[in-house]
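S.K.: protein_19.cif is reproduced below (mmCIF, C-alpha atoms).
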```
data_final
loop_
_atom_site.label_atom_id
_atom_site.label_comp_id
_atom_site.auth_asym_id
_atom_site.auth_seq_id
_atom_site.Cartn_x
_atom_site.Cartn_y
_atom_site.Cartn_z
CA MET A 115 3.21 -32.30 25.78
CA LEU A 116 4.33 -29.78 28.33
CA SER A 117 7.26 -27.46 27.69
CA CYS A 118 10.05 -26.98 30.23
CA LYS A 119 8.65 -23.55 31.03
CA GLU A 120 5.26 -25.02 31.88
CA VAL A 121 6.81 -27.85 33.87
CA SER A 122 8.95 -25.40 35.83
CA GLU A 123 5.76 -23.45 36.66
CA LEU A 124 4.04 -26.60 37.86
CA LEU A 125 7.05 -27.74 39.87
CA SER A 126 7.18 -24.37 41.60
CA LYS A 127 3.42 -24.41 42.20
CA ALA A 128 3.62 -27.94 43.59
CA ARG A 129 5.71 -26.60 46.46
CA ASP A 130 2.80 -24.43 47.57
CA THR A 131 -0.28 -26.43 46.68
CA ARG A 132 -1.35 -29.91 45.64
CA LEU A 133 -1.58 -30.27 41.88
CA PRO A 134 -4.46 -32.17 40.31
CA LEU A 135 -3.65 -35.75 39.36
CA TYR A 136 -3.41 -35.19 35.61
CA GLN A 137 -0.84 -32.45 36.13
CA ARG A 138 1.19 -34.55 38.52
CA LEU A 139 1.27 -37.34 35.96
CA ALA A 140 2.19 -35.02 33.11
CA VAL A 141 5.04 -33.56 35.18
CA ARG A 142 6.28 -37.00 36.19
CA LEU A 143 6.29 -38.12 32.57
CA HIS A 144 8.25 -35.03 31.53
CA LEU A 145 10.80 -35.57 34.30
CA LEU A 146 11.52 -39.06 32.97
CA TYR A 147 13.30 -37.66 29.98
CA CYS A 148 14.16 -34.07 30.98
CA GLU A 149 17.39 -33.62 32.92
CA GLY A 150 17.04 -29.81 33.16
CA CYS A 151 13.64 -29.98 34.86
CA THR A 152 14.85 -32.80 37.11
CA GLN A 153 17.66 -30.55 38.30
CA PHE A 154 15.28 -27.62 38.65
CA ARG A 155 13.11 -29.74 40.94
CA ARG A 156 16.13 -30.57 43.11
CA GLN A 157 17.08 -26.92 43.22
CA LEU A 158 13.60 -25.94 44.40
CA ALA A 159 13.93 -28.42 47.24
CA PHE A 160 17.33 -26.94 48.02
CA LEU A 161 15.94 -23.39 48.14
CA HIS A 162 13.40 -24.64 50.63
CA ARG A 163 16.06 -26.25 52.85
CA LEU A 164 18.13 -23.11 52.54
CA ALA A 165 15.31 -20.94 53.85
CA ARG A 166 14.97 -23.19 56.91
CA HIS A 167 18.68 -23.19 57.66
CA PRO A 168 19.89 -21.07 60.60
CA GLY A 169 22.13 -19.22 58.14
CA ALA A 170 19.00 -17.75 56.53
CA THR A 171 18.76 -15.21 59.33
CA GLY A 172 22.41 -14.35 58.81
CA ALA A 173 22.24 -11.41 56.42
CA GLY A 174 26.02 -11.59 56.12
CA ALA A 175 26.28 -11.43 59.88
CA ALA A 176 25.15 -7.82 59.59
CA ARG A 177 25.00 -5.92 62.84
CA LEU A 178 22.54 -3.27 63.85
CA PRO A 179 24.38 -0.04 62.91
CA GLU A 180 25.56 2.01 65.87
CA PRO A 181 23.54 5.21 65.16
CA ALA A 182 20.36 3.15 64.98
CA ARG A 183 21.32 1.32 68.15
CA GLN A 184 21.72 4.57 70.03
CA ARG A 185 18.51 5.98 68.65
CA ILE A 186 16.60 2.87 69.70
CA ARG A 187 18.28 2.84 73.12
CA GLU A 188 17.17 6.42 73.64
CA GLN A 189 13.60 5.59 72.58
CA LEU A 190 13.43 2.63 74.91
CA ARG A 191 14.75 4.67 77.80
CA ARG A 192 12.16 7.35 77.21
CA GLU A 193 9.40 4.78 77.01
CA CYS A 194 10.56 3.05 80.19
CA ARG A 195 9.96 6.12 82.30
CA MET B 113 0.65 -27.32 81.19
CA ASP B 114 3.86 -25.41 81.53
CA ASP B 115 3.43 -21.76 80.74
CA SER B 116 5.76 -20.33 83.31
CA GLY B 117 9.00 -21.67 81.85
CA HIS B 118 10.22 -18.31 80.59
CA THR B 119 10.55 -14.90 82.09
CA LEU B 120 11.52 -11.60 80.55
CA SER B 121 14.76 -9.91 81.32
CA ASP B 122 15.09 -6.20 81.99
CA PRO B 123 13.92 -4.37 78.83
CA GLN B 124 17.11 -2.29 78.99
CA THR B 125 19.07 -5.41 78.07
CA TRP B 126 16.92 -6.39 75.07
CA LEU B 127 18.71 -4.23 72.59
CA ASP B 128 22.13 -5.71 73.36
CA ALA B 129 20.84 -9.26 73.69
CA HIS B 130 18.60 -9.36 70.60
CA GLY B 131 19.21 -6.22 68.53
CA ASP B 132 21.57 -7.81 65.99
CA SER B 133 19.47 -10.95 65.55
CA LEU B 134 16.27 -9.00 65.07
CA TYR B 135 18.02 -6.67 62.65
CA ARG B 136 19.38 -9.57 60.57
CA PHE B 137 16.01 -11.27 60.59
CA ALA B 138 14.34 -8.11 59.30
CA LEU B 139 17.08 -7.28 56.80
CA MET B 140 16.84 -10.68 55.13
CA ARG B 141 13.16 -10.04 54.51
CA VAL B 142 12.85 -6.34 53.74
CA ARG B 143 16.31 -5.94 52.13
CA ASP B 144 16.64 -2.33 53.21
CA SER B 145 18.77 -1.37 56.19
CA THR B 146 16.80 1.75 57.13
CA VAL B 147 13.53 -0.14 57.09
CA ALA B 148 15.11 -2.99 59.06
CA GLU B 149 16.35 -0.54 61.72
CA ASP B 150 12.90 0.98 62.05
CA LEU B 151 11.34 -2.45 62.37
CA VAL B 152 13.70 -3.36 65.20
CA GLN B 153 12.79 -0.15 66.97
CA GLU B 154 9.04 -0.69 66.48
CA THR B 155 9.40 -4.26 67.70
CA LEU B 156 11.22 -3.37 70.89
CA LEU B 157 8.84 -0.53 71.69
CA ALA B 158 5.82 -2.74 71.05
CA ALA B 159 7.38 -5.45 73.24
CA LEU B 160 7.96 -2.93 75.99
CA ARG B 161 4.34 -1.87 75.94
CA ALA B 162 3.11 -5.45 75.81
CA ARG B 163 5.49 -6.95 78.37
CA ASP B 164 2.74 -7.42 80.95
CA ARG B 165 1.05 -9.78 78.54
CA PHE B 166 4.12 -11.98 78.05
CA ALA B 167 2.81 -15.44 78.90
CA GLY B 168 6.13 -17.22 79.28
CA ALA B 169 5.14 -19.93 76.82
CA ALA B 170 8.06 -19.10 74.55
CA SER B 171 11.53 -17.72 75.09
CA GLU B 172 12.11 -13.99 75.10
CA ARG B 173 13.80 -14.23 71.68
CA THR B 174 10.94 -16.21 70.16
CA TRP B 175 8.45 -13.74 71.57
CA LEU B 176 10.34 -10.77 70.11
CA VAL B 177 10.69 -12.48 66.73
CA ALA B 178 6.94 -13.13 66.68
CA ILE B 179 6.31 -9.42 67.23
CA LEU B 180 8.85 -8.58 64.53
CA LYS B 181 7.15 -10.93 62.05
CA ASN B 182 3.91 -9.01 62.51
CA LYS B 183 5.72 -5.72 62.05
CA ILE B 184 7.25 -7.02 58.82
CA ILE B 185 3.83 -8.02 57.52
CA ASP B 186 2.46 -4.59 58.49
CA HIS B 187 5.33 -3.05 56.59
CA PHE B 188 4.57 -5.06 53.45
CA ARG B 189 0.90 -4.12 53.74
CA ARG B 190 1.65 -0.43 54.18
CA ASN B 191 3.99 -0.59 51.27
CA ARG B 192 1.49 -2.20 49.00
CA HIS B 193 2.03 -0.75 45.57
CA GLU B 194 -1.40 0.10 44.33
CA VAL B 195 -0.95 -1.75 41.05
CA THR B 196 -1.75 -5.43 41.00
CA LEU B 197 0.25 -7.34 38.44
CA PRO B 198 -1.71 -9.05 35.75
CA ASP B 199 -0.79 -12.71 35.24
CA ASP B 200 0.72 -11.99 31.88
CA ASP B 201 2.84 -9.08 33.08
CA PRO B 202 5.93 -9.51 30.93
CA ASP B 203 9.21 -10.38 32.56
CA GLU B 204 11.98 -10.38 29.99
CA ALA B 205 14.61 -11.89 32.26
CA ILE B 206 12.37 -14.91 32.77
CA ASP B 207 11.47 -15.16 29.08
CA ALA B 208 15.17 -15.21 28.24
CA MET B 209 15.63 -18.34 30.37
CA PHE B 210 13.62 -20.32 27.83
CA LEU B 211 14.02 -20.81 24.12
CA GLU B 212 11.66 -19.00 21.86
CA GLY B 213 9.31 -21.38 20.10
CA ASN B 214 9.49 -24.58 22.14
CA ASN B 215 10.00 -23.05 25.61
CA HIS B 216 12.72 -25.50 26.59
CA TRP B 217 15.50 -24.31 28.89
CA ALA B 218 17.90 -21.96 27.13
CA ARG B 219 20.55 -23.06 29.66
CA PRO B 220 19.27 -26.18 31.41
CA PRO B 221 19.76 -26.19 35.18
CA ALA B 222 22.93 -28.10 36.06
CA ALA B 223 23.57 -30.66 38.77
CA TRP B 224 24.85 -28.74 41.80
CA GLN B 225 27.74 -30.32 43.64
CA HIS B 226 27.23 -30.70 47.41
CA PRO B 227 24.65 -27.94 47.78
CA ASP B 228 24.11 -28.61 51.48
CA GLN B 229 27.76 -28.06 52.26
CA ALA B 230 27.38 -24.58 50.82
CA LEU B 231 24.89 -23.75 53.58
CA GLU B 232 27.70 -23.98 56.11
CA GLN B 233 29.80 -21.36 54.34
CA THR B 234 29.57 -17.65 55.11
CA GLU B 235 30.64 -16.81 51.56
CA PHE B 236 27.70 -18.73 50.19
CA TRP B 237 25.26 -16.73 52.28
CA LYS B 238 26.75 -13.50 50.97
CA THR B 239 26.15 -14.76 47.44
CA PHE B 240 22.60 -15.74 48.33
CA GLU B 241 21.90 -12.32 49.85
CA ASP B 242 23.18 -10.63 46.70
CA CYS B 243 20.88 -12.84 44.64
CA LEU B 244 17.95 -12.03 46.91
CA GLN B 245 18.81 -8.35 46.68
CA ALA B 246 18.70 -8.54 42.89
CA LEU B 247 15.09 -9.78 42.81
CA PRO B 248 12.26 -7.41 41.96
CA ALA B 249 10.63 -6.32 45.24
CA ARG B 250 7.40 -8.24 45.02
CA GLN B 251 9.08 -11.47 43.98
CA ALA B 252 11.44 -11.16 46.93
CA GLU B 253 8.56 -10.49 49.33
CA ALA B 254 6.61 -13.47 48.04
CA PHE B 255 9.66 -15.71 48.33
CA ALA B 256 10.67 -14.50 51.79
CA LEU B 257 7.22 -14.81 53.30
CA THR B 258 6.59 -18.23 51.75
CA GLU B 259 9.92 -19.92 52.25
CA PHE B 260 11.37 -18.20 55.32
CA ASP B 261 8.20 -17.79 57.29
CA ASN B 262 5.99 -20.54 56.04
CA HIS B 263 2.90 -18.42 55.45
CA SER B 264 0.15 -20.23 53.58
CA SER B 265 -0.81 -19.07 50.10
CA GLU B 266 -4.15 -17.76 51.42
CA GLU B 267 -2.50 -15.60 54.10
CA LEU B 268 0.06 -14.34 51.62
CA CYS B 269 -2.48 -13.33 49.04
CA LYS B 270 -4.08 -11.12 51.67
CA ILE B 271 -0.78 -9.62 52.79
CA LEU B 272 0.49 -8.95 49.28
CA GLU B 273 -2.96 -8.21 47.87
CA VAL B 274 -2.61 -10.53 44.92
CA SER B 275 -4.68 -13.37 43.54
CA THR B 276 -3.42 -16.91 44.10
CA SER B 277 -2.43 -17.23 40.47
CA ASN B 278 -0.43 -13.99 40.68
CA LEU B 279 1.26 -15.25 43.81
CA TRP B 280 2.32 -18.41 41.99
CA VAL B 281 3.68 -16.34 39.13
CA LEU B 282 5.70 -14.24 41.60
CA LEU B 283 7.06 -17.32 43.38
CA HIS B 284 7.92 -19.09 40.14
CA ARG B 285 9.84 -16.07 38.89
CA ALA B 286 11.59 -15.56 42.21
CA ARG B 287 12.73 -19.18 42.29
CA LEU B 288 13.87 -19.16 38.66
CA ARG B 289 15.89 -16.01 39.27
CA LEU B 290 17.41 -17.27 42.51
CA ARG B 291 18.43 -20.62 41.05
CA GLU B 292 19.98 -18.99 38.01
CA CYS B 293 21.83 -16.46 40.15
CA LEU B 294 23.16 -19.16 42.50
CA GLU B 295 24.21 -21.32 39.59
CA GLN B 296 26.04 -18.43 37.95
CA HIS B 297 27.72 -17.04 41.03
CA TRP B 298 28.23 -20.02 43.24
CA PHE B 299 27.66 -23.52 41.94
CA GLY B 300 28.93 -22.91 38.43
CA ALA B 301 31.89 -20.91 39.67
CA SER B 302 32.95 -23.43 42.29
CA GLU B 303 32.89 -26.25 39.77
CA GLU B 304 35.30 -24.42 37.51
CA ASN B 305 37.67 -24.05 40.42
CA ARG B 306 37.91 -27.78 40.92
#
```
Please, can you express the file's structure as structure tokens?

M.R.:
Amino acid sequence: MLSCKEVSELLSKARDTRLPLYQRLAVRLHLLYCEGCTQFRRQLAFLHRLARHPGATGAGAARLPEPARQRIREQLRRECR
Amino acid sequence: MDDSGHTLSDPQTWLDAHGDSLYRFALMRVRDSTVAEDLVQETLLAALRARDRFAGAASERTWLVAILKNKIIDHFRRNRHEVTLPDDDPDEAIDAMFLEGNNHWARPPAAWQHPDQALEQTEFWKTFEDCLQALPARQAEAFALTEFDNHSSEELCKILEVSTSNLWVLLHRARLRLRECLEQHWFGASEENR
């Protein structure tokens, strides 16, 4: 029997590669009776959707700081000549 | 074939038109404002030098982001910490998430209420950024490059100079930490407020 720790490893891994059949079955069996791992699986899917959401480039709507902007502007101007 | 759909604007306008977006894009991945600033600068200078080769197949923004992505990968490569983690490198925070002995969840993940609505809220993204910021560097890099930028495991192993099994360990730990952090600081908290 797999522990929750092992199942969480396999669920994470399954997002990046295809698990062999016996592991997929073992995970599925575990999920039948384990609410925590079932939620973990949903949360992994959520993290994936999150990363694809336009908000993921938000960084708190951070703006390029003014000193850096001026430095870069100066560099670009020099390069343009 | 349509490869003339896009043209470049005057390079002098790039900084105002794209500077903030490029900066945010970089900041989310490298989590360091100075590094992010430098990456924006490198990107715009590289774009300036390469502007004759702009094919017009993508928009100006897409083209600049593609250059930035390469700069970010170069940064991660340059920054490669010489030590490669062994698979069994201990991580106490992760160990504490499971019970000693049977390795069941110490605090089983809860059902999150309306997670997708959270994505529309600025406050949520601040929480997420704090959670991302709290990750150990390599876990954050592995997560960002996999989930944000869709790099394959093979590519990532080369960029981060880790074996595939180490990469999976890094990703597993990053995801466990992020989910716990979000549950503690967003989903758990918002439920109590109801």

S.K.: Pick the closest to Phe160 of chain A from B:Ser265, B:Gln124, B:Gln225, B:Gln251: which is it, counting only C-alpha atoms?

M.R.: B:Gln225

S.K.: Closest to Leu290 of chain B among A:Arg129, A:His162, A:Arg138, A:Lys119, using all atoms listed in the file?

M.R.: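 Looking only at the distances to Leu290 of chain B, the closest residue turns out to be A:His162.
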
S.K.: Can you work out which one of B:Ala138, B:Ile185, B:Cys293, B:Ala129 has the shortest atom-to-atom distance to chain A, counting all atoms listed in the file?

M.R.: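 With all atoms listed in the file as the atom set, the closest residue is B:Ala138.
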
S.K.: Using only C-alpha atoms, find which residues of chain B lie within 7 Å of chain A and jot them down as a compact mmCIF listing (two decimals) with C-alpha atoms, in the frame of the given file.

M.R.:
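Output saved as iface-v4.txt:
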```txt
# COMPACT_ATOMS: atom_id res chain seq x y z
CA GLY B 131 19.21 -6.22 68.53
CA ASP B 132 21.57 -7.81 65.99
CA TYR B 135 18.02 -6.67 62.65
CA ARG B 136 19.38 -9.57 60.57
CA PHE B 137 16.01 -11.27 60.59
CA LEU B 139 17.08 -7.28 56.80
CA MET B 140 16.84 -10.68 55.13
CA GLU B 149 16.35 -0.54 61.72
CA GLN B 153 12.79 -0.15 66.97
CA LEU B 157 8.84 -0.53 71.69
CA PHE B 210 13.62 -20.32 27.83
CA ASN B 214 9.49 -24.58 22.14
CA ASN B 215 10.00 -23.05 25.61
CA HIS B 216 12.72 -25.50 26.59
CA TRP B 217 15.50 -24.31 28.89
CA PRO B 220 19.27 -26.18 31.41
CA PRO B 221 19.76 -26.19 35.18
CA ALA B 222 22.93 -28.10 36.06
CA ALA B 223 23.57 -30.66 38.77
CA LEU B 231 24.89 -23.75 53.58
CA TRP B 237 25.26 -16.73 52.28
CA LYS B 238 26.75 -13.50 50.97
CA GLU B 241 21.90 -12.32 49.85
CA GLU B 259 9.92 -19.92 52.25
CA PHE B 260 11.37 -18.20 55.32
CA SER B 265 -0.81 -19.07 50.10
CA TRP B 280 2.32 -18.41 41.99
CA HIS B 284 7.92 -19.09 40.14
CA ARG B 291 18.43 -20.62 41.05
```

S.K.: If you take every atom of segment 161-164 of chain A that the file lists and fit an axis-aligned box around them with 5 Å extra on each side, what centre and edge lengths come out in Å to one decimal, as lines of an AutoDock Vina configuration file?

M.R.:
```
center_x = 15.8
center_y = -24.7
center_z = 50.5
size_x = 14.7
size_y = 13.1
size_z = 14.7
```

S.K.: Around the point (14.0, -4.9, 67.3), in the coordinates given by the file, pick out the residues reaching within 7 Å, counting all atoms listed in the file, and return them as number ranges by chain.

M.R.: B: 131, 134-135, 151-156, 180

S.K.: Print the selection's residues with C-alpha atoms to a file, as a short mmCIF file (atom, residue, chain, number, x, y, z; two decimals), in the coordinates of the input.

M.R.:
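The result, written out as again.cif:
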```cif
data_model
loop_
_atom_site.label_atom_id
_atom_site.label_comp_id
_atom_site.auth_asym_id
_atom_site.auth_seq_id
_atom_site.Cartn_x
_atom_site.Cartn_y
_atom_site.Cartn_z
CA GLY B 131 19.21 -6.22 68.53
CA LEU B 134 16.27 -9.00 65.07
CA TYR B 135 18.02 -6.67 62.65
CA LEU B 151 11.34 -2.45 62.37
CA VAL B 152 13.70 -3.36 65.20
CA GLN B 153 12.79 -0.15 66.97
CA GLU B 154 9.04 -0.69 66.48
CA THR B 155 9.40 -4.26 67.70
CA LEU B 156 11.22 -3.37 70.89
CA LEU B 180 8.85 -8.58 64.53
#
```

S.K.: Report the distance between atom CA of Lys181 of chain B and atom CA of Asp242 of chain B in Å, rounded to one decimal place.

M.R.: 22.2 Å

S.K.: For the atom pair atom CA of Gly300 of chain B and atom CA of Ala140 of chain A, what is the interatomic distance in Å to one decimal place?

M.R.: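 Answer for the atom CA of Gly300 of chain B to atom CA of Ala140 of chain A separation: 29.8 Å.
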
S.K.: Using only C-alpha atoms, find the one residue out of B:Phe236, B:Thr119, B:Ala205, B:Thr125 that sits nearest to Trp175 of chain B.

M.R.: B:Thr119

S.K.: Which residues, named as in the file, does the PyMOL selection byres ((chain B and resi 279) around 12) pick out? Answer as a VMD selection string.

M.R.: (chain A and resid 123 126 to 127 130 to 131) or (chain B and resid 196 to 199 250 to 255 257 to 258 264 to 278 280 to 286)

S.K.: Calculate how many Å separate atom CA of His130 of chain B from atom CA of Lys183 of chain B, rounding to one decimal.

M.R.: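 Those two atoms sit 15.9 Å apart.
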
S.K.: Do you know which residues the PyMOL selection byres ((chain B and resi 167) around 10) returns on this file, as number ranges by chain?

M.R.: B: 115-120, 163-166, 168-171, 175

S.K.: So that I have them on file, write out the residues from the current selection with C-alpha atoms, as a PDB file, in the frame of the given file.

M.R.:
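Okay, this is what ended up in part_0.pdb:
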```pdb
ATOM      1  CA  ASP B 115       3.430 -21.760  80.740  1.00  0.00           C
ATOM      2  CA  SER B 116       5.760 -20.330  83.310  1.00  0.00           C
ATOM      3  CA  GLY B 117       9.000 -21.670  81.850  1.00  0.00           C
ATOM      4  CA  HIS B 118      10.220 -18.310  80.590  1.00  0.00           C
ATOM      5  CA  THR B 119      10.550 -14.900  82.090  1.00  0.00           C
ATOM      6  CA  LEU B 120      11.520 -11.600  80.550  1.00  0.00           C
ATOM      7  CA  ARG B 163       5.490  -6.950  78.370  1.00  0.00           C
ATOM      8  CA  ASP B 164       2.740  -7.420  80.950  1.00  0.00           C
ATOM      9  CA  ARG B 165       1.050  -9.780  78.540  1.00  0.00           C
ATOM     10  CA  PHE B 166       4.120 -11.980  78.050  1.00  0.00           C
ATOM     11  CA  GLY B 168       6.130 -17.220  79.280  1.00  0.00           C
ATOM     12  CA  ALA B 169       5.140 -19.930  76.820  1.00  0.00           C
ATOM     13  CA  ALA B 170       8.060 -19.100  74.550  1.00  0.00           C
ATOM     14  CA  SER B 171      11.530 -17.720  75.090  1.00  0.00           C
ATOM     15  CA  TRP B 175       8.450 -13.740  71.570  1.00  0.00           C
TER      16      TRP B 175
END
```
